[in-house]
Amino acid sequence: MEYKDYYQIIGVSRDATQDDIKRAYRKLARKYHPDVSKEPEAETRFKEIGEAYEVLKDPEKRTAYDRLGTRWKSGQEFQPPPGWDQGFEFHGGGFTEATSQFSSFFESLFGRSQQSHRYRGREFNLRGEDSHAKISITLEDSFQGSIRNLTLQHTEPGQDGRPLAKERTLKVRIPKGIQQGQHIRLAGQGSPGARGGKAGDLYLEIVFKPHPLFRVEGKDIFLELPVAPWEAALGATVAIPTPAGTVDLKIPAGSRSGQKLRLKERGIPGASSGDLYVILQIVLPAADSEETRAFYREMEQKFTFNPRAGMSTR
Amino acid sequence: MGHDILHGIVIEESEALSLSELCRICNVEVEWIIALVNEGILEPAGTRPEDWFFSGIVLQRVLVVRRLQRDLDINLAGAALVLELLEERNASFVKTNFY
């Protein structure tokens, strides 16, 4: 297990006041909030920041953490010294109330977060809570429909009352045409019910893995297609990739860079399928030999061409 | 167990959710959803809360607002504004990148 420098993660010094810590945390939380942030790895960073703040905002946990001393470096192999937390009594039995998953470093110090089993209503048969998880799929999974294995971690109360980490694997059918951000409901796969009550449901939020070629927005798919100047100028038929396989695309003569060609209903399939948009990017051949440079010079002479004609420059 | 293939329902496509269903799925109180409606974040069909029906599409909005409120400690009006800006940003993606 690796030591985590919570002060470094939040970006404050070890003698920072609680106000300093809160301010620094708030700033980072806004920057890396996964719903808002465009930073890469925002979700990982946000979790790290959350974990660091969970410790540093709480004077009890912070004092205990400080007692580990300053000789540890971030990422260093770490074992808590025996009896390190003696003399500390954490409120709530040493378990944090947060529901998110913390690192094993955190758990070795402060215990595992206890999953709250709350039940609603006053019925005798108490239905279990609904739970949520994310599942990342490829664009191709959505195009064809697929079966995905999903491993979920949860905690269950053990015999001595301490929570135990459990893992289970589900095989889930991904319906064809599912879109980013949609939710699949799996009936009865949430938290177990109490006293004979029904189990809750599990909701899976669909997250698309980034695709090397295609960008997906709702039902529509976007592909940037490099074309040669002569293909754009004279027109051409070129083979292009689509999630359903290669197709031939006719590029009209006189096409401009950035121009969009719509391939109807070649987006994500469904009752009303999305479209595939091909965005032309004209790519220039390099002038990297005497012959090619001569050819560019010849173009300069033969064309009466001012690319800045609309700019009224002198 | 564990080897059967589970077939689910895509909430956004196939269901109209009642107020109590929406509360259960998102693990929130009825009063909080009513506040979202009063803020104009959600626009259910039906006149009284007990007759309200929400399109499945709202699920994502509710979850985002809940996370924004919980994680960033912003009030409902602020969360609604962030939500609208986020939706605007996503909608303008195509324009800014591809026109």
# chains A, B, ... in the order shown; residues from 1 in each chain; ligands from 1
>>> interface_residues(of="chain A", to="chain B", cutoff="7 Å", atoms="only C-alpha atoms", output="PyMOL selection string")
chain A and resi 29-30+35+130+169-173+181-186+258+279
>>> atom_distance(atom1="atom CA of Asp66 of chain A", atom2="atom CA of Arg14 of chain A")
8.4 Å
>>> atom_distance(atom1="atom CA of Phe143 of chain A", atom2="atom CA of Gly267 of chain A")
8.6 Å
>>> select_by_dssp(residues="segment 10-96 of chain B", states="strand (DSSP E)", output="PyMOL selection string")
chain B and resi 10+16-18+53-55
>>> residues_around(residues="Arg127 of chain A", least_positions_apart="5", cutoff="7 Å", atoms="only C-alpha atoms", output="count of residues only")
7
>>> select_by_dssp(residues="segment 41-267 of chain A", states="helix (DSSP H, G or I)", output="PyMOL selection string")
chain A and resi 42-56+59-66+104-110+139-144+229-234
>>> write_last_selection(atoms="N, CA and C atoms", output="short mmCIF file (atom, residue, chain, number, x, y, z; two decimals), in the first residue's frame")
data_model
loop_
_atom_site.label_atom_id
_atom_site.label_comp_id
_atom_site.auth_asym_id
_atom_site.auth_seq_id
_atom_site.Cartn_x
_atom_site.Cartn_y
_atom_site.Cartn_z
N ALA A 42 -10.33 13.59 -14.42
CA ALA A 42 -11.01 14.42 -13.43
C ALA A 42 -11.59 13.56 -12.30
N GLU A 43 -12.18 12.43 -12.67
CA GLU A 43 -12.85 11.63 -11.67
C GLU A 43 -11.87 11.08 -10.63
N THR A 44 -10.71 10.61 -11.11
CA THR A 44 -9.69 10.09 -10.20
C THR A 44 -9.18 11.19 -9.28
N ARG A 45 -8.91 12.35 -9.86
CA ARG A 45 -8.42 13.48 -9.08
C ARG A 45 -9.47 13.89 -8.05
N PHE A 46 -10.74 13.92 -8.48
CA PHE A 46 -11.80 14.35 -7.58
C PHE A 46 -11.91 13.42 -6.37
N LYS A 47 -11.76 12.13 -6.63
CA LYS A 47 -11.83 11.15 -5.53
C LYS A 47 -10.67 11.35 -4.56
N GLU A 48 -9.48 11.57 -5.12
CA GLU A 48 -8.28 11.79 -4.30
C GLU A 48 -8.44 13.00 -3.40
N ILE A 49 -8.96 14.08 -4.03
CA ILE A 49 -9.15 15.32 -3.29
C ILE A 49 -10.18 15.10 -2.17
N GLY A 50 -11.25 14.37 -2.52
CA GLY A 50 -12.30 14.10 -1.55
C GLY A 50 -11.77 13.31 -0.36
N GLU A 51 -10.92 12.34 -0.67
CA GLU A 51 -10.34 11.50 0.39
C GLU A 51 -9.44 12.34 1.28
N ALA A 52 -8.60 13.17 0.66
CA ALA A 52 -7.68 14.02 1.43
C ALA A 52 -8.48 14.96 2.34
N TYR A 53 -9.56 15.52 1.77
CA TYR A 53 -10.35 16.48 2.55
C TYR A 53 -11.08 15.78 3.69
N GLU A 54 -11.54 14.56 3.42
CA GLU A 54 -12.22 13.78 4.45
C GLU A 54 -11.34 13.67 5.71
N VAL A 55 -10.05 13.57 5.51
CA VAL A 55 -9.13 13.45 6.64
C VAL A 55 -8.78 14.82 7.23
N LEU A 56 -8.43 15.74 6.34
CA LEU A 56 -7.88 17.01 6.83
C LEU A 56 -8.95 17.94 7.41
N PRO A 59 -10.63 17.48 12.55
CA PRO A 59 -9.46 17.65 13.42
C PRO A 59 -8.99 16.33 14.05
N GLU A 60 -9.92 15.43 14.36
CA GLU A 60 -9.51 14.14 14.95
C GLU A 60 -8.67 13.33 13.96
N LYS A 61 -9.19 13.20 12.75
CA LYS A 61 -8.48 12.40 11.75
C LYS A 61 -7.17 13.08 11.35
N ARG A 62 -7.23 14.40 11.28
CA ARG A 62 -6.03 15.14 10.86
C ARG A 62 -4.91 14.94 11.89
N THR A 63 -5.25 15.04 13.17
CA THR A 63 -4.25 14.85 14.22
C THR A 63 -3.65 13.45 14.13
N ALA A 64 -4.54 12.47 13.95
CA ALA A 64 -4.06 11.09 13.85
C ALA A 64 -3.13 10.93 12.64
N TYR A 65 -3.53 11.51 11.53
CA TYR A 65 -2.72 11.43 10.31
C TYR A 65 -1.37 12.11 10.53
N ASP A 66 -1.38 13.26 11.18
CA ASP A 66 -0.14 13.99 11.44
C ASP A 66 0.82 13.17 12.29
N SER A 104 -6.89 2.07 -0.10
CA SER A 104 -6.59 1.14 0.99
C SER A 104 -5.72 1.82 2.04
N PHE A 105 -4.97 2.85 1.63
CA PHE A 105 -4.21 3.64 2.61
C PHE A 105 -5.17 4.27 3.63
N PHE A 106 -6.22 4.89 3.10
CA PHE A 106 -7.22 5.51 3.97
C PHE A 106 -7.86 4.47 4.89
N GLU A 107 -8.24 3.34 4.28
CA GLU A 107 -8.95 2.33 5.06
C GLU A 107 -8.08 1.72 6.15
N SER A 108 -6.77 1.62 5.88
CA SER A 108 -5.89 1.05 6.89
C SER A 108 -5.81 1.98 8.10
N LEU A 109 -6.05 3.26 7.87
CA LEU A 109 -5.96 4.22 8.97
C LEU A 109 -7.30 4.45 9.65
N PHE A 110 -8.33 4.58 8.84
CA PHE A 110 -9.60 5.04 9.40
C PHE A 110 -10.74 4.04 9.24
N LEU A 139 -18.19 2.09 -28.31
CA LEU A 139 -19.18 2.50 -29.30
C LEU A 139 -19.72 1.27 -30.04
N GLU A 140 -18.83 0.33 -30.29
CA GLU A 140 -19.23 -0.90 -30.99
C GLU A 140 -20.24 -1.70 -30.16
N ASP A 141 -20.07 -1.70 -28.83
CA ASP A 141 -21.05 -2.39 -27.96
C ASP A 141 -22.45 -1.83 -28.20
N SER A 142 -22.52 -0.50 -28.31
CA SER A 142 -23.82 0.12 -28.52
C SER A 142 -24.34 -0.16 -29.92
N PHE A 143 -23.45 -0.25 -30.88
CA PHE A 143 -23.85 -0.46 -32.26
C PHE A 143 -24.44 -1.84 -32.49
N GLN A 144 -23.79 -2.82 -31.86
CA GLN A 144 -24.23 -4.19 -32.13
C GLN A 144 -25.06 -4.76 -31.00
N PRO A 229 -5.80 17.75 -51.07
CA PRO A 229 -6.34 18.93 -51.75
C PRO A 229 -7.03 18.59 -53.06
N TRP A 230 -6.45 17.65 -53.82
CA TRP A 230 -7.07 17.33 -55.11
C TRP A 230 -8.38 16.57 -54.93
N GLU A 231 -8.48 15.78 -53.84
CA GLU A 231 -9.76 15.09 -53.58
C GLU A 231 -10.85 16.12 -53.29
N ALA A 232 -10.50 17.14 -52.48
CA ALA A 232 -11.48 18.17 -52.14
C ALA A 232 -11.81 19.03 -53.36
N ALA A 233 -10.82 19.36 -54.16
CA ALA A 233 -11.03 20.26 -55.29
C ALA A 233 -11.77 19.57 -56.43
N LEU A 234 -11.37 18.36 -56.73
CA LEU A 234 -11.92 17.68 -57.92
C LEU A 234 -13.06 16.73 -57.60
#
>>> atom_distance(atom1="atom CA of Pro252 of chain A", atom2="atom CA of Val227 of chain A")
11.8 Å
>>> residues_around(residues="Ile221 of chain A", least_positions_apart="5", cutoff="9 Å", atoms="only C-alpha atoms", output="list in words")
Phe214, Arg215, Val216, Arg266, Gly267, Ile268, Gly274, Asp275, Leu276, Tyr277 and Val278 of chain A
>>> closest_residue(among="A:Ser255, A:Ser289, A:Gln76, A:Gln179", to="Gly270 of chain A", atoms="only C-alpha atoms")
A:Gln179
>>> residues_around(residues="segment 30-41 of chain B", least_positions_apart="3", cutoff="12 Å", atoms="only C-alpha atoms", output="MDAnalysis selection string")
(chainID A and resid 120) or (chainID B and resid 18:27 44:50 52:54 58:66 69 75:84)
>>> write_last_selection(atoms="N, CA and C atoms", output="CSV table (one decimal), in the first residue's frame")
chain,number,residue,atom,x,y,z
A,120,ARG,N,-37.0,2.9,3.5
A,120,ARG,CA,-38.0,3.9,3.5
A,120,ARG,C,-39.4,3.4,3.8
B,18,SER,N,-43.1,8.0,-11.9
B,18,SER,CA,-43.9,8.8,-10.9
B,18,SER,C,-42.9,9.5,-9.9
B,19,LEU,N,-43.5,10.4,-9.2
B,19,LEU,CA,-42.7,11.1,-8.2
B,19,LEU,C,-42.0,10.2,-7.2
B,20,SER,N,-42.7,9.2,-6.7
B,20,SER,CA,-42.1,8.3,-5.7
B,20,SER,C,-41.0,7.4,-6.4
B,21,GLU,N,-41.3,7.0,-7.6
B,21,GLU,CA,-40.2,6.2,-8.3
B,21,GLU,C,-39.0,7.0,-8.5
B,22,LEU,N,-39.1,8.2,-8.9
B,22,LEU,CA,-38.0,9.1,-9.1
B,22,LEU,C,-37.2,9.3,-7.9
B,23,CYS,N,-37.9,9.5,-6.7
B,23,CYS,CA,-37.3,9.7,-5.4
B,23,CYS,C,-36.5,8.4,-5.1
B,24,ARG,N,-37.1,7.2,-5.3
B,24,ARG,CA,-36.5,6.0,-4.9
B,24,ARG,C,-35.2,5.8,-5.7
B,25,ILE,N,-35.3,6.0,-7.0
B,25,ILE,CA,-34.1,5.7,-7.9
B,25,ILE,C,-33.0,6.6,-7.5
B,26,CYS,N,-33.3,7.9,-7.2
B,26,CYS,CA,-32.2,8.8,-7.0
B,26,CYS,C,-31.9,8.9,-5.5
B,27,ASN,N,-32.6,8.2,-4.7
B,27,ASN,CA,-32.4,8.2,-3.2
B,27,ASN,C,-32.5,9.6,-2.6
B,44,PRO,N,-42.6,18.1,-14.9
B,44,PRO,CA,-43.4,16.9,-15.0
B,44,PRO,C,-44.7,17.2,-15.8
B,45,ALA,N,-45.3,16.1,-16.3
B,45,ALA,CA,-46.7,16.2,-16.8
B,45,ALA,C,-47.6,15.9,-15.6
B,46,GLY,N,-48.8,16.5,-15.7
B,46,GLY,CA,-49.7,16.3,-14.6
B,46,GLY,C,-49.7,17.6,-13.7
B,47,THR,N,-50.9,17.8,-13.0
B,47,THR,CA,-51.0,19.0,-12.2
B,47,THR,C,-50.5,18.9,-10.8
B,48,ARG,N,-51.0,17.9,-10.1
B,48,ARG,CA,-50.6,17.8,-8.7
B,48,ARG,C,-49.5,16.8,-8.5
B,49,PRO,N,-48.6,17.0,-7.5
B,49,PRO,CA,-47.5,16.0,-7.3
B,49,PRO,C,-47.9,14.6,-7.3
B,50,GLU,N,-49.1,14.2,-6.8
B,50,GLU,CA,-49.4,12.8,-6.8
B,50,GLU,C,-49.7,12.3,-8.3
B,52,TRP,N,-48.0,13.6,-10.9
B,52,TRP,CA,-46.9,13.9,-11.8
B,52,TRP,C,-46.3,12.7,-12.4
B,53,PHE,N,-45.8,12.9,-13.7
B,53,PHE,CA,-45.0,11.9,-14.4
B,53,PHE,C,-43.8,12.6,-15.0
B,54,PHE,N,-42.7,12.0,-14.8
B,54,PHE,CA,-41.4,12.5,-15.4
B,54,PHE,C,-41.0,11.6,-16.5
B,58,VAL,N,-35.1,12.8,-17.5
B,58,VAL,CA,-34.8,13.7,-16.4
B,58,VAL,C,-33.8,13.1,-15.4
B,59,LEU,N,-33.7,11.7,-15.4
B,59,LEU,CA,-32.9,11.1,-14.4
B,59,LEU,C,-31.5,11.6,-14.3
B,60,GLN,N,-30.9,11.8,-15.5
B,60,GLN,CA,-29.5,12.4,-15.6
B,60,GLN,C,-29.4,13.8,-14.9
B,61,ARG,N,-30.4,14.6,-15.2
B,61,ARG,CA,-30.4,16.0,-14.7
B,61,ARG,C,-30.5,15.9,-13.1
B,62,VAL,N,-31.4,15.0,-12.6
B,62,VAL,CA,-31.6,15.0,-11.2
B,62,VAL,C,-30.3,14.5,-10.5
B,63,LEU,N,-29.6,13.5,-11.1
B,63,LEU,CA,-28.4,13.0,-10.5
B,63,LEU,C,-27.3,14.0,-10.5
B,64,VAL,N,-27.2,14.8,-11.6
B,64,VAL,CA,-26.2,15.8,-11.7
B,64,VAL,C,-26.4,16.9,-10.7
B,65,VAL,N,-27.7,17.4,-10.6
B,65,VAL,CA,-28.0,18.4,-9.6
B,65,VAL,C,-27.7,17.9,-8.2
B,66,ARG,N,-28.0,16.7,-7.9
B,66,ARG,CA,-27.8,16.1,-6.6
B,66,ARG,C,-26.3,16.1,-6.3
B,69,GLN,N,-24.9,19.6,-5.8
B,69,GLN,CA,-25.3,20.2,-4.5
B,69,GLN,C,-24.4,19.5,-3.4
B,75,ASN,N,-26.3,26.0,-3.8
B,75,ASN,CA,-27.8,25.9,-3.6
B,75,ASN,C,-28.5,25.6,-4.9
B,76,LEU,N,-29.8,25.4,-4.8
B,76,LEU,CA,-30.5,24.8,-5.9
B,76,LEU,C,-30.5,25.8,-7.1
B,77,ALA,N,-30.6,27.0,-6.9
B,77,ALA,CA,-30.6,28.0,-8.0
B,77,ALA,C,-29.2,27.9,-8.7
B,78,GLY,N,-28.2,27.9,-7.9
B,78,GLY,CA,-26.8,27.8,-8.4
B,78,GLY,C,-26.6,26.5,-9.2
B,79,ALA,N,-27.1,25.4,-8.7
B,79,ALA,CA,-27.0,24.1,-9.3
B,79,ALA,C,-27.8,24.1,-10.7
B,80,ALA,N,-28.9,24.7,-10.7
B,80,ALA,CA,-29.7,24.8,-11.9
B,80,ALA,C,-29.0,25.6,-12.9
B,81,LEU,N,-28.3,26.7,-12.5
B,81,LEU,CA,-27.6,27.5,-13.5
B,81,LEU,C,-26.4,26.7,-14.1
B,82,VAL,N,-25.7,26.0,-13.2
B,82,VAL,CA,-24.6,25.1,-13.7
B,82,VAL,C,-25.1,24.1,-14.7
B,83,LEU,N,-26.2,23.5,-14.3
B,83,LEU,CA,-26.8,22.4,-15.2
B,83,LEU,C,-27.1,23.0,-16.6
B,84,GLU,N,-27.7,24.2,-16.6
B,84,GLU,CA,-28.0,24.8,-17.9
B,84,GLU,C,-26.8,25.2,-18.7
>>> decode(residues="segment 288-301 of chain A", atoms="N, CA and C atoms", output="CSV table (one decimal), in the first residue's frame")
chain,number,residue,atom,x,y,z
A,288,ASP,N,8.8,18.5,-49.3
A,288,ASP,CA,10.0,18.0,-48.6
A,288,ASP,C,11.1,17.5,-49.7
A,289,SER,N,10.9,17.9,-50.9
A,289,SER,CA,11.9,17.6,-51.9
A,289,SER,C,12.0,18.7,-52.9
A,290,GLU,N,13.0,18.7,-53.7
A,290,GLU,CA,13.1,19.8,-54.7
A,290,GLU,C,12.0,19.7,-55.7
A,291,GLU,N,11.6,18.5,-56.0
A,291,GLU,CA,10.5,18.3,-57.0
A,291,GLU,C,9.2,18.8,-56.4
A,292,THR,N,8.9,18.5,-55.2
A,292,THR,CA,7.6,18.9,-54.6
A,292,THR,C,7.6,20.5,-54.4
A,293,ARG,N,8.7,21.0,-54.0
A,293,ARG,CA,8.8,22.5,-53.8
A,293,ARG,C,8.6,23.2,-55.1
A,294,ALA,N,9.2,22.6,-56.2
A,294,ALA,CA,9.0,23.2,-57.5
A,294,ALA,C,7.5,23.1,-57.9
A,295,PHE,N,6.8,22.0,-57.5
A,295,PHE,CA,5.4,21.9,-57.8
A,295,PHE,C,4.6,23.0,-57.1
A,296,TYR,N,4.9,23.2,-55.8
A,296,TYR,CA,4.2,24.3,-55.1
A,296,TYR,C,4.4,25.7,-55.7
A,297,ARG,N,5.7,25.9,-56.2
A,297,ARG,CA,6.0,27.2,-56.8
A,297,ARG,C,5.2,27.3,-58.1
A,298,GLU,N,5.1,26.2,-58.8
A,298,GLU,CA,4.3,26.2,-60.0
A,298,GLU,C,2.8,26.6,-59.8
A,299,MET,N,2.3,26.0,-58.7
A,299,MET,CA,0.9,26.3,-58.3
A,299,MET,C,0.8,27.8,-58.0
A,300,GLU,N,1.8,28.3,-57.3
A,300,GLU,CA,1.7,29.8,-57.0
A,300,GLU,C,1.6,30.6,-58.2
A,301,GLN,N,2.4,30.2,-59.3
A,301,GLN,CA,2.3,30.9,-60.5
A,301,GLN,C,1.1,30.7,-61.3
